[in-house]
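Dropping final-v3.txt in here (compact mmCIF, C-alpha atoms):
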```txt
# COMPACT_ATOMS: atom_id res chain seq x y z
CA MET F 1204 31.78 -39.00 21.55
CA THR F 1205 30.31 -37.02 24.40
CA VAL F 1206 30.68 -33.33 23.63
CA ILE F 1207 28.96 -31.89 26.66
CA SER F 1208 28.26 -33.29 30.12
CA GLU F 1209 27.20 -30.86 32.78
CA MET F 1210 24.52 -29.68 35.15
CA VAL F 1211 21.93 -27.00 34.61
CA PRO F 1212 21.77 -25.37 38.05
CA ALA F 1213 18.43 -25.29 39.83
CA SER F 1214 16.24 -22.37 38.67
CA HIS F 1215 18.67 -21.42 35.88
CA GLY F 1216 18.88 -21.84 32.12
CA ARG F 1217 21.55 -22.88 29.64
CA ALA F 1218 21.82 -23.06 25.84
CA TYR F 1219 23.71 -25.73 23.88
CA ARG F 1220 24.70 -25.86 20.23
CA MET F 1221 23.76 -29.19 18.65
CA GLN F 1222 24.56 -30.49 15.19
CA ALA F 1223 21.96 -32.45 13.27
CA GLY F 1224 22.11 -36.06 14.47
CA GLN F 1225 23.49 -35.32 17.92
CA VAL F 1226 21.47 -36.50 20.89
CA ALA F 1227 20.86 -34.69 24.17
CA VAL F 1228 20.02 -36.79 27.21
CA ILE F 1229 18.32 -34.77 29.92
CA ALA F 1230 18.28 -36.55 33.25
CA ASN F 1231 15.84 -35.70 36.00
CA LEU F 1232 18.34 -36.34 38.79
CA HIS F 1233 15.86 -35.87 41.61
CA GLY F 1234 12.71 -36.86 39.74
CA ASN F 1235 10.78 -33.74 40.64
CA GLN F 1236 12.07 -31.24 38.16
CA VAL F 1237 10.24 -29.73 35.16
CA VAL F 1238 12.53 -28.66 32.31
CA ASP F 1239 11.25 -26.02 29.91
CA ALA F 1240 12.86 -26.56 26.51
CA TRP F 1241 13.13 -24.69 23.22
CA ALA F 1242 15.10 -25.10 20.00
CA LEU F 1243 16.27 -22.33 17.69
CA SER F 1244 17.49 -22.88 14.16
CA GLU F 1245 21.17 -22.06 13.63
CA THR F 1246 20.45 -20.80 10.10
CA ASP F 1247 17.20 -18.80 10.39
CA PRO F 1248 17.18 -16.25 13.23
CA LEU F 1249 13.36 -16.34 13.40
CA GLU F 1250 12.83 -20.10 13.21
CA PHE F 1251 12.09 -21.69 16.59
CA SER F 1252 10.32 -24.66 18.12
CA SER F 1253 6.56 -24.11 17.86
CA MET F 1254 4.19 -25.92 20.19
CA ASP F 1255 1.12 -25.04 18.08
CA HIS F 1256 2.73 -26.51 14.95
CA THR F 1257 4.08 -29.47 16.97
CA ARG F 1258 0.58 -30.34 18.21
CA SER F 1259 -0.66 -30.05 14.63
CA VAL F 1260 2.02 -32.34 13.15
CA ASN F 1261 1.63 -34.96 15.90
CA SER F 1262 -2.16 -34.56 16.19
CA SER F 1263 -1.57 -34.69 19.94
CA ILE F 1264 -1.62 -32.30 22.86
CA TYR F 1265 1.34 -34.11 24.47
CA LEU F 1266 4.84 -34.95 23.31
CA GLU F 1267 5.49 -38.66 23.67
CA LYS F 1268 8.28 -41.04 22.66
CA GLY F 1269 8.74 -41.08 18.89
CA MET F 1270 7.07 -37.71 18.27
CA LYS F 1271 8.81 -34.75 16.71
CA VAL F 1272 9.14 -31.12 17.73
CA VAL F 1273 8.72 -28.93 14.65
CA SER F 1274 9.44 -25.30 13.98
CA ASN F 1275 7.14 -22.44 13.08
CA ARG F 1276 8.18 -23.32 9.51
CA ARG F 1277 7.02 -26.90 10.15
CA ARG F 1278 10.52 -28.33 9.77
CA PRO F 1279 11.50 -31.17 12.11
CA MET F 1280 13.82 -29.83 14.82
CA MET F 1281 14.02 -32.64 17.39
CA THR F 1282 12.73 -36.18 17.89
CA LEU F 1283 11.91 -37.59 21.33
CA LEU F 1284 14.05 -40.65 20.72
CA ASP F 1285 13.74 -42.19 24.15
CA ASP F 1286 11.93 -41.60 27.42
CA SER F 1287 12.64 -43.85 30.40
CA ALA F 1288 9.28 -43.18 32.05
CA LEU F 1289 7.13 -42.97 28.87
CA LEU F 1290 5.58 -39.70 30.02
CA CYS F 1291 3.05 -37.37 28.41
CA HIS F 1292 5.19 -34.22 28.29
CA ASP F 1293 3.25 -30.96 28.38
CA THR F 1294 3.00 -28.68 25.34
CA LEU F 1295 0.05 -26.63 26.62
CA LEU F 1296 1.22 -24.28 29.35
CA CYS F 1297 3.33 -21.15 29.15
CA PRO F 1298 6.85 -20.83 30.46
CA CYS F 1299 6.63 -18.99 33.78
CA ASN F 1300 7.49 -15.31 33.62
CA ALA F 1301 7.79 -12.28 35.88
CA GLU F 1302 4.06 -11.53 35.66
CA ILE F 1303 3.08 -15.00 36.92
CA TYR F 1304 5.15 -14.53 40.07
CA GLU F 1305 3.69 -11.06 40.59
CA GLN F 1306 0.21 -12.58 40.29
CA LEU F 1307 1.18 -15.33 42.74
CA GLY F 1308 2.03 -12.63 45.26
CA CYS F 1309 5.83 -12.62 45.13
CA ASP F 1310 7.57 -9.50 46.39
CA GLY F 1311 10.55 -8.46 44.31
CA TYR F 1312 12.34 -10.42 41.64
CA HIS F 1313 11.71 -14.14 41.16
CA ARG F 1314 13.64 -16.13 38.57
CA SER F 1315 11.50 -17.47 35.72
CA CYS F 1316 11.77 -19.81 32.73
CA SER F 1317 11.19 -16.84 30.40
CA ASP F 1318 14.08 -14.91 31.91
CA ASN F 1319 16.22 -18.06 31.87
CA PHE F 1320 15.45 -18.43 28.15
CA HIS F 1321 16.60 -14.92 27.30
CA GLU F 1322 19.67 -15.11 29.56
CA ALA F 1323 20.73 -18.40 27.98
CA LEU F 1324 20.28 -16.97 24.48
CA ALA F 1325 22.29 -13.88 25.32
CA ALA F 1326 25.17 -16.07 26.54
CA LYS F 1327 25.27 -17.52 23.01
CA GLU F 1328 24.93 -14.09 21.38
CA ARG F 1329 21.42 -14.79 20.14
CA GLN F 1330 18.19 -13.01 20.94
CA LEU F 1331 14.46 -13.11 20.26
CA PRO F 1332 12.11 -10.23 21.04
CA PHE F 1333 9.54 -12.55 22.62
CA THR F 1334 9.34 -15.88 24.46
CA PRO F 1335 8.05 -18.78 22.36
CA ALA F 1336 5.80 -21.35 24.01
CA SER F 1337 7.97 -24.01 25.65
CA LEU F 1338 8.06 -27.78 25.54
CA ASN F 1339 7.64 -28.64 29.22
CA LEU F 1340 9.57 -31.85 29.78
CA PHE F 1341 8.42 -33.97 32.76
CA MET F 1342 5.57 -31.51 33.41
CA ASN F 1343 2.41 -33.34 34.44
CA VAL F 1344 -0.71 -31.60 33.13
CA PRO F 1345 -3.65 -34.00 32.80
CA VAL F 1346 -6.60 -32.77 30.74
CA HIS F 1347 -10.18 -33.79 31.50
CA ALA F 1348 -12.93 -34.55 28.99
CA ASP F 1349 -14.44 -31.08 29.47
CA GLY F 1350 -11.14 -29.45 28.47
CA SER F 1351 -10.15 -28.38 31.97
CA LEU F 1352 -6.56 -29.05 32.98
CA GLU F 1353 -4.74 -29.69 36.25
CA ARG F 1354 -1.18 -29.12 37.44
CA HIS F 1355 0.27 -32.14 39.18
CA ALA F 1356 3.73 -32.97 40.51
CA PRO F 1357 5.89 -34.82 37.94
CA ALA F 1358 5.26 -38.55 37.59
CA SER F 1359 8.98 -39.16 37.05
CA LYS F 1360 11.33 -40.71 39.60
CA ALA F 1361 14.98 -39.84 40.33
CA GLY F 1362 17.15 -40.70 37.33
CA ASP F 1363 14.43 -40.72 34.71
CA TYR F 1364 15.62 -39.23 31.43
CA VAL F 1365 14.59 -38.24 27.94
CA ALA F 1366 16.72 -38.33 24.80
CA LEU F 1367 16.17 -35.66 22.14
CA ARG F 1368 17.84 -36.02 18.74
CA ALA F 1369 18.55 -32.82 16.82
CA GLU F 1370 17.10 -32.99 13.30
CA MET F 1371 18.85 -29.80 12.20
CA ASP F 1372 21.72 -27.67 13.49
CA LEU F 1373 20.15 -25.87 16.40
CA LEU F 1374 20.51 -24.16 19.73
CA LEU F 1375 18.85 -26.15 22.51
CA VAL F 1376 17.70 -23.98 25.42
CA LEU F 1377 16.83 -25.58 28.75
CA SER F 1378 15.45 -24.03 31.91
CA ALA F 1379 15.32 -25.90 35.20
CA CYS F 1380 11.98 -24.37 36.17
CA PRO F 1381 12.19 -22.05 39.23
CA GLN F 1382 8.54 -22.53 40.22
CA ASP F 1383 8.49 -23.01 44.01
CA ILE F 1384 4.96 -21.87 44.83
CA THR F 1385 2.81 -24.47 43.06
CA VAL F 1386 3.52 -28.23 43.15
CA ILE F 1387 4.55 -28.38 39.48
CA ASN F 1388 8.15 -29.19 40.56
CA GLY F 1389 7.08 -31.69 43.19
CA ASP F 1390 5.18 -31.66 46.42
CA ASP F 1391 8.11 -30.20 48.37
CA ARG F 1392 8.19 -27.19 46.03
CA THR F 1393 11.98 -27.23 45.77
CA PRO F 1394 13.50 -26.61 42.33
CA ARG F 1395 16.58 -28.76 41.69
CA ASN F 1396 19.34 -29.15 39.14
CA ILE F 1397 19.23 -31.41 36.09
CA ALA F 1398 21.93 -33.16 34.09
CA ILE F 1399 22.52 -32.88 30.36
CA ARG F 1400 24.83 -34.93 28.16
CA ILE F 1401 25.17 -34.36 24.44
CA ALA F 1402 26.80 -37.00 22.24
CA GLY F 1403 27.08 -37.91 18.57
CA GLU F 1404 25.40 -41.27 19.03
CA TYR F 1405 22.46 -42.01 21.27
CA PRO F 1406 23.65 -44.76 23.57
CA GLU F 1407 26.89 -42.87 24.32
CA ALA F 1408 24.97 -40.00 25.82
CA LEU F 1409 23.55 -42.36 28.43
CA GLN F 1410 26.95 -43.32 29.83
CA MET J 335 -23.08 3.16 18.77
CA THR J 336 -21.90 0.82 16.05
CA VAL J 337 -18.50 1.94 14.85
CA ILE J 338 -17.79 -0.81 12.35
CA SER J 339 -20.06 -3.15 10.42
CA GLU J 340 -18.55 -5.00 7.52
CA MET J 341 -17.55 -8.32 6.01
CA VAL J 342 -14.20 -10.04 6.16
CA PRO J 343 -13.95 -11.54 2.65
CA ALA J 344 -13.51 -15.29 2.35
CA SER J 345 -9.86 -16.36 2.78
CA HIS J 346 -8.75 -12.84 3.73
CA GLY J 347 -7.83 -10.99 6.91
CA ARG J 348 -8.64 -7.63 8.47
CA ALA J 349 -7.52 -5.69 11.54
CA TYR J 350 -9.74 -3.44 13.68
CA ARG J 351 -8.85 -0.92 16.34
CA MET J 352 -10.94 -1.41 19.49
CA GLN J 353 -11.08 0.70 22.62
CA ALA J 354 -11.34 -0.94 26.02
CA GLY J 355 -15.00 -1.78 26.63
CA GLN J 356 -16.02 -2.03 22.99
CA VAL J 357 -17.51 -5.32 21.83
CA ALA J 358 -16.91 -7.13 18.54
CA VAL J 359 -19.61 -9.50 17.33
CA ILE J 360 -18.28 -12.00 14.81
CA ALA J 361 -21.03 -13.77 12.91
CA ASN J 362 -20.53 -17.07 11.16
CA LEU J 363 -22.88 -16.21 8.28
CA HIS J 364 -22.72 -19.63 6.65
CA GLY J 365 -21.97 -21.67 9.77
CA ASN J 366 -18.95 -23.42 8.30
CA GLN J 367 -16.24 -20.85 8.74
CA VAL J 368 -13.28 -20.93 11.13
CA VAL J 369 -12.01 -17.48 12.15
CA ASP J 370 -8.42 -17.20 13.36
CA ALA J 371 -8.16 -14.31 15.80
CA TRP J 372 -5.39 -12.36 17.52
CA ALA J 373 -5.20 -9.21 19.64
CA LEU J 374 -2.27 -6.80 19.85
CA SER J 375 -1.85 -4.17 22.52
CA GLU J 376 -2.05 -0.59 21.27
CA THR J 377 0.54 0.53 23.83
CA ASP J 378 3.19 -2.23 23.85
CA PRO J 379 4.44 -3.26 20.39
CA LEU J 380 5.45 -6.71 21.66
CA GLU J 381 2.35 -7.54 23.72
CA PHE J 382 -0.04 -9.92 21.96
CA SER J 383 -2.68 -12.52 22.70
CA SER J 384 -0.96 -15.66 24.00
CA MET J 385 -2.69 -19.02 23.78
CA ASP J 386 -0.22 -20.67 26.19
CA HIS J 387 -0.87 -18.01 28.84
CA THR J 388 -4.62 -18.07 28.05
CA ARG J 389 -4.79 -21.83 28.70
CA SER J 390 -2.86 -21.25 31.93
CA VAL J 391 -5.17 -18.49 33.20
CA ASN J 392 -8.36 -20.38 32.31
CA SER J 393 -6.96 -23.82 33.26
CA SER J 394 -8.59 -25.02 30.05
CA ILE J 395 -7.52 -26.12 26.58
CA TYR J 396 -10.60 -24.44 25.06
CA LEU J 397 -11.97 -20.92 25.11
CA GLU J 398 -15.58 -20.94 26.27
CA LYS J 399 -18.17 -18.31 27.19
CA GLY J 400 -17.00 -16.18 30.11
CA MET J 401 -13.30 -16.97 29.68
CA LYS J 402 -10.63 -14.38 28.99
CA VAL J 403 -7.91 -14.14 26.38
CA VAL J 404 -4.73 -12.85 28.03
CA SER J 405 -1.49 -11.49 26.66
CA ASN J 406 2.06 -12.76 26.94
CA ARG J 407 2.26 -10.33 29.87
CA ARG J 408 -0.81 -12.07 31.37
CA ARG J 409 -2.97 -8.97 31.10
CA PRO J 410 -6.62 -9.51 30.13
CA MET J 411 -7.11 -8.53 26.47
CA MET J 412 -10.59 -9.85 25.60
CA THR J 413 -13.51 -11.61 27.26
CA LEU J 414 -15.74 -14.08 25.40
CA LEU J 415 -18.86 -12.26 26.51
CA ASP J 416 -21.37 -14.29 24.53
CA ASP J 417 -21.48 -17.31 22.26
CA SER J 418 -24.76 -18.30 20.59
CA ALA J 419 -23.75 -21.95 20.16
CA LEU J 420 -21.76 -22.36 23.40
CA LEU J 421 -18.82 -23.88 21.54
CA CYS J 422 -15.42 -25.09 22.70
CA HIS J 423 -13.23 -22.79 20.60
CA ASP J 424 -9.81 -24.15 19.73
CA THR J 425 -6.63 -22.74 21.26
CA LEU J 426 -4.37 -25.68 20.34
CA LEU J 427 -3.62 -25.63 16.64
CA CYS J 428 -1.43 -23.30 14.62
CA PRO J 429 -2.69 -20.75 12.15
CA CYS J 430 -2.21 -22.24 8.68
CA ASN J 431 0.86 -20.99 6.82
CA ALA J 432 2.62 -21.39 3.48
CA GLU J 433 4.49 -24.48 4.66
CA ILE J 434 1.27 -26.33 5.58
CA TYR J 435 -0.08 -25.89 2.06
CA GLU J 436 3.24 -27.02 0.57
CA GLN J 437 3.07 -30.12 2.76
CA LEU J 438 -0.54 -30.69 1.66
CA GLY J 439 0.68 -30.77 -1.95
CA CYS J 440 -0.43 -27.37 -3.20
CA ASP J 441 1.35 -26.03 -6.28
CA GLY J 442 2.13 -22.34 -6.13
CA TYR J 443 0.82 -19.77 -3.68
CA HIS J 444 -2.10 -20.54 -1.36
CA ARG J 445 -3.51 -17.89 0.94
CA SER J 446 -3.02 -18.64 4.65
CA CYS J 447 -4.08 -17.31 8.05
CA SER J 448 -0.46 -16.43 8.81
CA ASP J 449 -0.15 -14.32 5.66
CA ASN J 450 -3.58 -12.79 6.36
CA PHE J 451 -2.33 -11.82 9.84
CA HIS J 452 0.73 -10.01 8.52
CA GLU J 453 -1.19 -8.35 5.66
CA ALA J 454 -3.84 -7.07 8.07
CA LEU J 455 -1.18 -5.72 10.44
CA ALA J 456 0.63 -3.96 7.61
CA ALA J 457 -2.61 -2.24 6.59
CA LYS J 458 -2.66 -0.71 10.09
CA GLU J 459 1.07 0.14 9.97
CA ARG J 460 1.97 -2.51 12.55
CA GLN J 461 4.23 -5.50 12.26
CA LEU J 462 5.50 -8.48 14.21
CA PRO J 463 8.48 -10.59 13.11
CA PHE J 464 6.63 -13.86 13.79
CA THR J 465 3.08 -15.23 13.88
CA PRO J 466 1.67 -15.77 17.38
CA ALA J 467 -0.50 -18.81 18.00
CA SER J 468 -4.10 -17.94 17.09
CA LEU J 469 -7.41 -18.26 18.88
CA ASN J 470 -9.38 -20.39 16.43
CA LEU J 471 -13.00 -19.33 16.74
CA PHE J 472 -15.59 -21.94 15.68
CA MET J 473 -12.79 -24.47 15.07
CA ASN J 474 -13.83 -27.94 16.20
CA VAL J 475 -10.88 -29.90 17.59
CA PRO J 476 -12.00 -32.63 19.99
CA VAL J 477 -9.29 -34.15 22.17
CA HIS J 478 -9.37 -37.78 23.31
CA ALA J 479 -8.32 -39.15 26.68
CA ASP J 480 -4.95 -40.30 25.26
CA GLY J 481 -4.17 -36.74 24.13
CA SER J 482 -4.78 -37.34 20.44
CA LEU J 483 -6.81 -34.69 18.64
CA GLU J 484 -9.08 -34.65 15.61
CA ARG J 485 -10.08 -31.99 13.11
CA HIS J 486 -13.83 -31.84 12.55
CA ALA J 487 -16.07 -29.48 10.59
CA PRO J 488 -17.45 -26.63 12.74
CA ALA J 489 -20.42 -27.47 14.97
CA SER J 490 -21.89 -23.99 14.35
CA LYS J 491 -24.89 -23.25 12.14
CA ALA J 492 -25.49 -20.28 9.84
CA GLY J 493 -25.84 -17.10 11.90
CA ASP J 494 -24.07 -18.30 15.02
CA TYR J 495 -21.95 -15.61 16.59
CA VAL J 496 -19.48 -14.81 19.33
CA ALA J 497 -19.10 -11.50 21.18
CA LEU J 498 -15.62 -10.45 22.33
CA ARG J 499 -15.21 -7.50 24.67
CA ALA J 500 -11.91 -5.61 24.52
CA GLU J 501 -10.35 -5.32 27.97
CA MET J 502 -7.67 -2.87 26.79
CA ASP J 503 -7.13 -0.70 23.75
CA LEU J 504 -6.09 -3.19 21.11
CA LEU J 505 -5.91 -4.18 17.50
CA LEU J 506 -8.15 -7.16 16.73
CA VAL J 507 -6.94 -9.23 13.79
CA LEU J 508 -9.28 -11.71 12.11
CA SER J 509 -8.64 -14.18 9.32
CA ALA J 510 -11.45 -16.02 7.54
CA CYS J 511 -9.42 -19.22 7.24
CA PRO J 512 -8.54 -20.16 3.61
CA GLN J 513 -8.21 -23.90 4.35
CA ASP J 514 -10.00 -25.71 1.48
CA ILE J 515 -8.20 -29.07 1.57
CA THR J 516 -9.21 -30.45 4.97
CA VAL J 517 -12.78 -30.31 6.35
CA ILE J 518 -11.90 -27.76 9.04
CA ASN J 519 -14.09 -25.16 7.24
CA GLY J 520 -16.94 -27.60 6.63
CA ASP J 521 -17.49 -30.75 4.65
CA ASP J 522 -17.79 -28.87 1.35
CA ARG J 523 -14.31 -27.40 1.86
CA THR J 524 -15.40 -23.93 0.73
CA PRO J 525 -14.08 -20.94 2.70
CA ARG J 526 -16.69 -18.20 3.10
CA ASN J 527 -16.94 -14.64 4.37
CA ILE J 528 -17.80 -13.61 7.91
CA ALA J 529 -19.45 -10.51 9.38
CA ILE J 530 -18.02 -8.28 12.08
CA ARG J 531 -19.76 -5.48 14.00
CA ILE J 532 -18.02 -3.41 16.65
CA ALA J 533 -20.05 -1.28 19.05
CA GLY J 534 -19.61 0.52 22.34
CA GLU J 535 -22.24 -1.55 24.10
CA TYR J 536 -22.82 -5.24 23.70
CA PRO J 537 -26.44 -5.58 22.65
CA GLU J 538 -26.03 -2.85 20.01
CA ALA J 539 -23.45 -4.87 18.16
CA LEU J 540 -26.02 -7.62 17.62
CA GLN J 541 -28.40 -5.41 15.64
```
Go ahead and render the structure in this file as structure tokens.
Amino acid sequence: MTVISEMVPASHGRAYRMQAGQVAVIANLHGNQVVDAWALSETDPLEFSSMDHTRSVNSSIYLEKGMKVVSNRRRPMMTLLDDSALLCHDTLLCPCNAEIYEQLGCDGYHRSCSDNFHEALAAKERQLPFTPASLNLFMNVPVHADGSLERHAPASKAGDYVALRAEMDLLLVLSACPQDITVINGDDRTPRNIAIRIAGEYPEALQ
Amino acid sequence: MTVISEMVPASHGRAYRMQAGQVAVIANLHGNQVVDAWALSETDPLEFSSMDHTRSVNSSIYLEKGMKVVSNRRRPMMTLLDDSALLCHDTLLCPCNAEIYEQLGCDGYHRSCSDNFHEALAAKERQLPFTPASLNLFMNVPVHADGSLERHAPASKAGDYVALRAEMDLLLVLSACPQDITVINGDDRTPRNIAIRIAGEYPEALQ
């Protein structure tokens, strides 16, 4: 049974309650869009998805199909159940924040994944006094042998999707990244909306 | 003028107040020892060294000589001024915590870098409700082209050192990592002490 089917508007964030076993399908409608993602435990107010523990558990700098996202308490939170484009999703780079846009020369306020995270939490009456590192779905960050990294446009095409299964009761937070200065959201630098469907069984969420 | 010269005992943590411009020299007395490190701003209680922002600013998965550690507000906190062995210091993996040792099969309490962090903060009347990702000095984590990573013994030899210059007034937190199950602290799996000297000018801290 599909419990949620909606859009996350371009450059905005949303949070969704998921029960253990439910699956979220996040569809990259236009192919270009990076989605910053976090999970928060529903039972421990200070347990959240941890990229440093996730890299440790997977012994990998990327998140790929079959790998798990774990918490700062090393409990499994989500499994990347399916991935239509078999991407190497980024775990390395920070969610964008106000300071990044200041440093990029923006005048005045610019939306950011960090602000989207806190806004989405507040809408669910949750809060955290900091911004955890994000899982950056569809974000294309190749790493060279010398450790240097590059920021490329996503390798996904319109309609590509990932399916994340909740391994505990959690709050899933998504931000359709507002970055429009670098090419991280595509060569035309135009943030776009994404689709999310949450269902009790995996194939249903694809329909 | 040297202001501090002491040992961090094996498997324990310590915190040190540093003024902007002071330099900490951390010496790997036995060559084998990983040192988990964090910095906290002295003026903002929620500003701390951020590995995800540090990788972003340096466009690198490692910290190497000349690179900066930045905060979650993207302000420079420390510069890796010198490094006798020119290592690729790890920014990827989590500080060890109680859950890791449970998962490794330990019975009862095992010291951890996360607990060392919070103990060291408490001794300076500071606290954070979570454990930020750590800069893992001397930690040897090669990454392969497919994104998989390995945990090797440190490539440093006895007496190798790093010099970190504070770029703001901060609290430097160090943990001599207690990991004695994997080879991350050397093939003999024996955590050892480290030396720290803090001085107002860089060469003085080497004496």
Show me, as JSON lines, the residues of chain F having an atom within 7 Å of chain J, each with the closest atom pair and its distance in Å, using only C-alpha atoms.
```
{"residue": "F:Asp1255", "atom": "CA", "partner": "J:Cys428", "partner_atom": "CA", "distance": 4.6}
{"residue": "F:His1256", "atom": "CA", "partner": "J:Cys428", "partner_atom": "CA", "distance": 5.3}
{"residue": "F:Arg1258", "atom": "CA", "partner": "J:Leu427", "partner_atom": "CA", "distance": 6.5}
{"residue": "F:Ser1259", "atom": "CA", "partner": "J:Leu427", "partner_atom": "CA", "distance": 5.7}
{"residue": "F:Ser1262", "atom": "CA", "partner": "J:Leu483", "partner_atom": "CA", "distance": 5.3}
{"residue": "F:Ser1263", "atom": "CA", "partner": "J:Ser482", "partner_atom": "CA", "distance": 4.2}
{"residue": "F:Ile1264", "atom": "CA", "partner": "J:Gly481", "partner_atom": "CA", "distance": 5.3}
{"residue": "F:Tyr1265", "atom": "CA", "partner": "J:Gly481", "partner_atom": "CA", "distance": 6.1}
{"residue": "F:Arg1276", "atom": "CA", "partner": "J:Glu433", "partner_atom": "CA", "distance": 6.2}
{"residue": "F:Arg1277", "atom": "CA", "partner": "J:Glu433", "partner_atom": "CA", "distance": 6.5}
{"residue": "F:Leu1295", "atom": "CA", "partner": "J:Asp386", "partner_atom": "CA", "distance": 6.0}
{"residue": "F:Leu1296", "atom": "CA", "partner": "J:Asp386", "partner_atom": "CA", "distance": 5.0}
{"residue": "F:Cys1297", "atom": "CA", "partner": "J:Asp386", "partner_atom": "CA", "distance": 4.6}
{"residue": "F:Glu1302", "atom": "CA", "partner": "J:Arg407", "partner_atom": "CA", "distance": 6.2}
{"residue": "F:Ala1336", "atom": "CA", "partner": "J:Asp386", "partner_atom": "CA", "distance": 6.4}
{"residue": "F:Ala1348", "atom": "CA", "partner": "J:Ala479", "partner_atom": "CA", "distance": 6.9}
{"residue": "F:Gly1350", "atom": "CA", "partner": "J:Ile395", "partner_atom": "CA", "distance": 5.3}
{"residue": "F:Ser1351", "atom": "CA", "partner": "J:Ser394", "partner_atom": "CA", "distance": 4.2}
{"residue": "F:Leu1352", "atom": "CA", "partner": "J:Ser393", "partner_atom": "CA", "distance": 5.3}
{"residue": "F:Glu1353", "atom": "CA", "partner": "J:Ser393", "partner_atom": "CA", "distance": 7.0}
```
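Across the structure, atom CA of Pro410 of chain J and atom CA of Ala371 of chain J are spaced 15.2 Å apart.
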For atom CA of Leu1338 of chain F and atom CA of Cys1380 of chain F, determine how far apart the two atoms are, in Å to one decimal place. 11.8 Å
Within 9 Å of Ile515 of chain J using all atoms listed in the file, minus same-chain residues under 3 positions, as a ChimeraX atom specification: /J:435,438,518,523-524
Here is a test: counting only C-alpha atoms, which residue of J:Ser405, J:Thr377, J:Gln461, J:Asn450 is nearest to Gln353 of chain J?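 Nearest to Gln353 of chain J: J:Thr377.
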